[in-house]
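Worksheet for the structure shown next.
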Amino acid sequence: MNENGQTGAEYDDARLLADLNSLYEYDDPVPEQVLANARAAFAWADFDAELAKLLDEQSLVGQTVRATGDHRLLTFEAAHLTFVVEATELAHGRKLVGQVVPAGPSELWWESAGGDSTSAKVDELGRFSLPQLPAGPARLRCELPDGTRVVTEWGTI
Amino acid sequence: MPSNNSGRPTPSNADLLAAAQRGEQEAWDGLVARFGRLVWSVARGFDLAAADAADLSQTTWLRLVEHMDQIKDPDGLGSWLATTTRREGIRLLRKRSLEIPDEHQEEQSDQGKDGPEETALTADEHAQLRNALAQLPERCRKLLRVIAASDQANYTEVAAALQMPVGSIGPTRSRCLEHLRSQFTKSS
């Protein structure tokens, strides 16, 4: 036990940690693309949009759908709009069916962190459907009739 | 990091966050340079494929973009990022375990990928250290990895990353390093 403030031991620990760091840098460096994406994430800054936070996430997986993959119900809530989304994992991507409450917006956008975007019509009851979306971090965006933008938190929806 | 202004060599997290909120990409890049490795090390602590770890890291940075104006303790930004990564990682694992029933993957080794040309250790020393590391309990490996990635060995950050009490980090770190050292000398 060399914990009692012995500088020699502390020095050894620091050196061993530096060696470890060097090993990780070598074996599993942060991929340059990961850092580039992190820098690019800044382009998504939108301080005027209202943020709808993930309130609740329930798995709806039952025996019958288990084979086809994950099936979840997500609720995102902001002051002026709530998104209720049923997400189904597909072989290559996912499907979203949902509803915005209160109804009113006529269109909704799905946006991926990679820059892809798809829009969907929202019907008079607030319902929408996005049948085939790629995997990865994404969010939903909606504009209220008064011009307020509401976005869901980023995540693997 | 690109030199900012001569008076302040290293801007604080608070400075960078404030500048980023004014729309300065350079300040944001500074945050990524400071914490990118920490976020990655936490993401890699989950048994996820490299692509999932990349998504996890990206989700954390996107979360910071949308919460930039709500960080109450800028000095604790590393802990905030580590916690966010851990939470989202647990979510992802839960989701995965529904798809792939309990398929326990061995830790992925991506060795042999071209790393930086210049490293402080020789390939041989790397191999010895890697072997010694492999003898450690997983808990130790995870802890040491996050500590190594955390620049000023910020225990609050590490505690947030691994959900351990802050007070236990120091002693556990010593034990794990001791263990590593004994494995290391045994093999060399």
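How things are named: the first chain in the structure tokens is A, the next is B, and so on; residues count from 1 in each chain; ligands count from 1 in the order shown.
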
Within 8 Å of chain B: each chain A residue with its shortest pair, only C-alpha atoms, as JSON lines:
{"residue": "A:Glu3", "atom": "CA", "partner": "B:Ser174", "partner_atom": "CA", "distance": 7.2}
{"residue": "A:Asp13", "atom": "CA", "partner": "B:Leu177", "partner_atom": "CA", "distance": 6.9}
{"residue": "A:Leu16", "atom": "CA", "partner": "B:Leu177", "partner_atom": "CA", "distance": 7.7}
{"residue": "A:Leu17", "atom": "CA", "partner": "B:Ala148", "partner_atom": "CA", "distance": 5.6}
{"residue": "A:Ala18", "atom": "CA", "partner": "B:Ala148", "partner_atom": "CA", "distance": 6.8}
{"residue": "A:Asp19", "atom": "CA", "partner": "B:Leu121", "partner_atom": "CA", "distance": 7.1}
{"residue": "A:Leu20", "atom": "CA", "partner": "B:Ala148", "partner_atom": "CA", "distance": 6.6}
{"residue": "A:Asn21", "atom": "CA", "partner": "B:Ala148", "partner_atom": "CA", "distance": 5.2}
{"residue": "A:Ser22", "atom": "CA", "partner": "B:Thr119", "partner_atom": "CA", "distance": 6.5}
{"residue": "A:Leu23", "atom": "CA", "partner": "B:His126", "partner_atom": "CA", "distance": 6.1}
{"residue": "A:Tyr24", "atom": "CA", "partner": "B:Arg145", "partner_atom": "CA", "distance": 7.7}
{"residue": "A:Glu25", "atom": "CA", "partner": "B:Gly115", "partner_atom": "CA", "distance": 7.2}
{"residue": "A:Tyr26", "atom": "CA", "partner": "B:Gly115", "partner_atom": "CA", "distance": 4.9}
{"residue": "A:Asp27", "atom": "CA", "partner": "B:Gln111", "partner_atom": "CA", "distance": 4.9}
{"residue": "A:Asp28", "atom": "CA", "partner": "B:Asp110", "partner_atom": "CA", "distance": 6.4}
{"residue": "A:Pro29", "atom": "CA", "partner": "B:Gly115", "partner_atom": "CA", "distance": 7.0}
{"residue": "A:Val30", "atom": "CA", "partner": "B:Arg37", "partner_atom": "CA", "distance": 6.3}
{"residue": "A:Val34", "atom": "CA", "partner": "B:Ala54", "partner_atom": "CA", "distance": 6.0}
{"residue": "A:Leu35", "atom": "CA", "partner": "B:Gly36", "partner_atom": "CA", "distance": 6.6}
{"residue": "A:Asn37", "atom": "CA", "partner": "B:Gln58", "partner_atom": "CA", "distance": 6.8}
{"residue": "A:Ala38", "atom": "CA", "partner": "B:Trp61", "partner_atom": "CA", "distance": 5.8}
{"residue": "A:Arg39", "atom": "CA", "partner": "B:Asp29", "partner_atom": "CA", "distance": 5.6}
{"residue": "A:Ala41", "atom": "CA", "partner": "B:Leu62", "partner_atom": "CA", "distance": 5.7}
{"residue": "A:Phe42", "atom": "CA", "partner": "B:Val65", "partner_atom": "CA", "distance": 6.1}
{"residue": "A:Trp44", "atom": "CA", "partner": "B:Val65", "partner_atom": "CA", "distance": 7.0}
{"residue": "A:Ala45", "atom": "CA", "partner": "B:Val65", "partner_atom": "CA", "distance": 5.6}
{"residue": "A:Asp46", "atom": "CA", "partner": "B:Glu66", "partner_atom": "CA", "distance": 7.3}
{"residue": "A:Phe47", "atom": "CA", "partner": "B:Glu66", "partner_atom": "CA", "distance": 7.5}
{"residue": "A:Leu51", "atom": "CA", "partner": "B:Glu66", "partner_atom": "CA", "distance": 7.8}
{"residue": "A:Val61", "atom": "CA", "partner": "B:Leu98", "partner_atom": "CA", "distance": 8.0}
{"residue": "A:Arg66", "atom": "CA", "partner": "B:Glu99", "partner_atom": "CA", "distance": 7.3}
{"residue": "A:Ala67", "atom": "CA", "partner": "B:Glu99", "partner_atom": "CA", "distance": 7.9}
{"residue": "A:Gly69", "atom": "CA", "partner": "B:Glu99", "partner_atom": "CA", "distance": 5.3}
{"residue": "A:Asp70", "atom": "CA", "partner": "B:Glu99", "partner_atom": "CA", "distance": 5.9}
{"residue": "A:Ala113", "atom": "CA", "partner": "B:Gln58", "partner_atom": "CA", "distance": 7.9}
{"residue": "A:Gly136", "atom": "CA", "partner": "B:Asp55", "partner_atom": "CA", "distance": 6.1}
{"residue": "A:Pro137", "atom": "CA", "partner": "B:Thr59", "partner_atom": "CA", "distance": 6.0}
{"residue": "A:Glu153", "atom": "CA", "partner": "B:Arg63", "partner_atom": "CA", "distance": 7.1}
{"residue": "A:Trp154", "atom": "CA", "partner": "B:Thr59", "partner_atom": "CA", "distance": 6.3}
{"residue": "A:Gly155", "atom": "CA", "partner": "B:Thr59", "partner_atom": "CA", "distance": 5.8}
{"residue": "A:Thr156", "atom": "CA", "partner": "B:Leu92", "partner_atom": "CA", "distance": 7.7}

So that I can check the surroundings of B:Ala82, please list as number ranges by chain every protein, DNA and RNA residue that reaches within 7 Å of it, counting only C-alpha atoms and ignoring chain neighbours fewer than 4 positions away. B: 39, 42, 78, 86, 157, 160-161

Considering only C-alpha atoms, return as a list in words whatever protein or nucleic-acid residues lie within 7 Å of A:Arg94, sequence-local ones (same chain, fewer than 5 positions apart) excluded. Ala87, Thr88, Glu89, Gln132, Leu133, Pro134 and Ala135 of chain A

Store the residues of this selection in a file with C-alpha atoms, as a PDB file, in the first residue's frame.
ATOM      1  CA  ALA A  87     -40.922   3.270 -32.986  1.00  0.00           C
ATOM      2  CA  THR A  88     -40.455  -0.104 -34.633  1.00  0.00           C
ATOM      3  CA  GLU A  89     -37.045  -1.441 -35.446  1.00  0.00           C
ATOM      4  CA  GLN A 132     -38.644   3.838 -43.510  1.00  0.00           C
ATOM      5  CA  LEU A 133     -35.885   5.726 -41.717  1.00  0.00           C
ATOM      6  CA  PRO A 134     -32.187   4.956 -41.369  1.00  0.00           C
ATOM      7  CA  ALA A 135     -30.756   4.101 -37.914  1.00  0.00           C
TER       8      ALA A 135
END

Which residues, written as an MDAnalysis selection string, have at least one atom at most 10 Å from A:Leu125, with only C-alpha atoms counted and residues fewer than 4 positions away on the same chain left out? chainID A and resid 99:106

Write a file of the selected residues as a PDB file, in the first residue's frame, keeping N, CA and C atoms.
ATOM      1  N   GLN A  99     -48.233  10.791 -33.064  1.00  0.00           N
ATOM      2  CA  GLN A  99     -49.244  11.821 -32.992  1.00  0.00           C
ATOM      3  C   GLN A  99     -48.670  13.020 -32.241  1.00  0.00           C
ATOM      4  N   VAL A 100     -48.971  14.221 -32.725  1.00  0.00           N
ATOM      5  CA  VAL A 100     -48.616  15.409 -31.962  1.00  0.00           C
ATOM      6  C   VAL A 100     -49.877  15.946 -31.298  1.00  0.00           C
ATOM      7  N   VAL A 101     -49.717  16.388 -30.065  1.00  0.00           N
ATOM      8  CA  VAL A 101     -50.846  16.890 -29.281  1.00  0.00           C
ATOM      9  C   VAL A 101     -50.475  18.268 -28.743  1.00  0.00           C
ATOM     10  N   PRO A 102     -51.264  19.307 -28.920  1.00  0.00           N
ATOM     11  CA  PRO A 102     -52.528  19.289 -29.666  1.00  0.00           C
ATOM     12  C   PRO A 102     -52.297  19.276 -31.180  1.00  0.00           C
ATOM     13  N   ALA A 103     -53.307  18.795 -31.899  1.00  0.00           N
ATOM     14  CA  ALA A 103     -53.221  18.796 -33.352  1.00  0.00           C
ATOM     15  C   ALA A 103     -53.198  20.240 -33.837  1.00  0.00           C
ATOM     16  N   GLY A 104     -52.698  20.442 -35.029  1.00  0.00           N
ATOM     17  CA  GLY A 104     -52.606  21.811 -35.550  1.00  0.00           C
ATOM     18  C   GLY A 104     -51.556  21.925 -36.632  1.00  0.00           C
ATOM     19  N   PRO A 105     -50.316  21.449 -36.336  1.00  0.00           N
ATOM     20  CA  PRO A 105     -49.298  21.493 -37.386  1.00  0.00           C
ATOM     21  C   PRO A 105     -49.708  20.591 -38.541  1.00  0.00           C
ATOM     22  N   SER A 106     -49.343  20.973 -39.758  1.00  0.00           N
ATOM     23  CA  SER A 106     -49.729  20.145 -40.888  1.00  0.00           C
ATOM     24  C   SER A 106     -48.552  19.342 -41.434  1.00  0.00           C
TER      25      SER A 106
END

Can you list, as JSON, numbers by chain, all residues belonging to stretch 11-178 of chain B that DSSP tags as helix (DSSP H, G or I)? {"B": [13, 14, 15, 16, 17, 18, 19, 20, 21, 25, 26, 27, 28, 29, 30, 31, 32, 33, 34, 35, 36, 37, 38, 39, 40, 41, 42, 43, 44, 50, 51, 52, 53, 54, 55, 56, 57, 58, 59, 60, 61, 62, 63, 64, 65, 66, 67, 68, 69, 70, 74, 75, 76, 77, 78, 79, 80, 81, 82, 83, 84, 85, 86, 87, 88, 89, 90, 91, 92, 93, 94, 95, 96, 97, 98, 99, 123, 124, 125, 126, 127, 128, 129, 130, 131, 132, 133, 134, 138, 139, 140, 141, 142, 143, 144, 145, 146, 147, 148, 149, 155, 156, 157, 158, 159, 160, 161, 162, 166, 167, 168, 169, 170, 171, 172, 173, 174, 175, 176, 177, 178]}

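Among the candidate residues A:Arg149, A:His80, A:His92, A:Arg72, the one lying nearest to A:Leu108 is A:Arg149, with distances computed using only C-alpha atoms.
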
Shell of 7 Å around A:Leu130, only C-alpha atoms, local chain residues under 2 positions omitted, as a list in words: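 The contact residues come out as Lys95, Leu96, Val97, Ala120, Phe128 and Gln132 of chain A.
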
For a test of reading the model, state the distance in Å between atom CA of B:Asp75 and atom CA of B:Leu16, rounded to one decimal. 11.1 Å
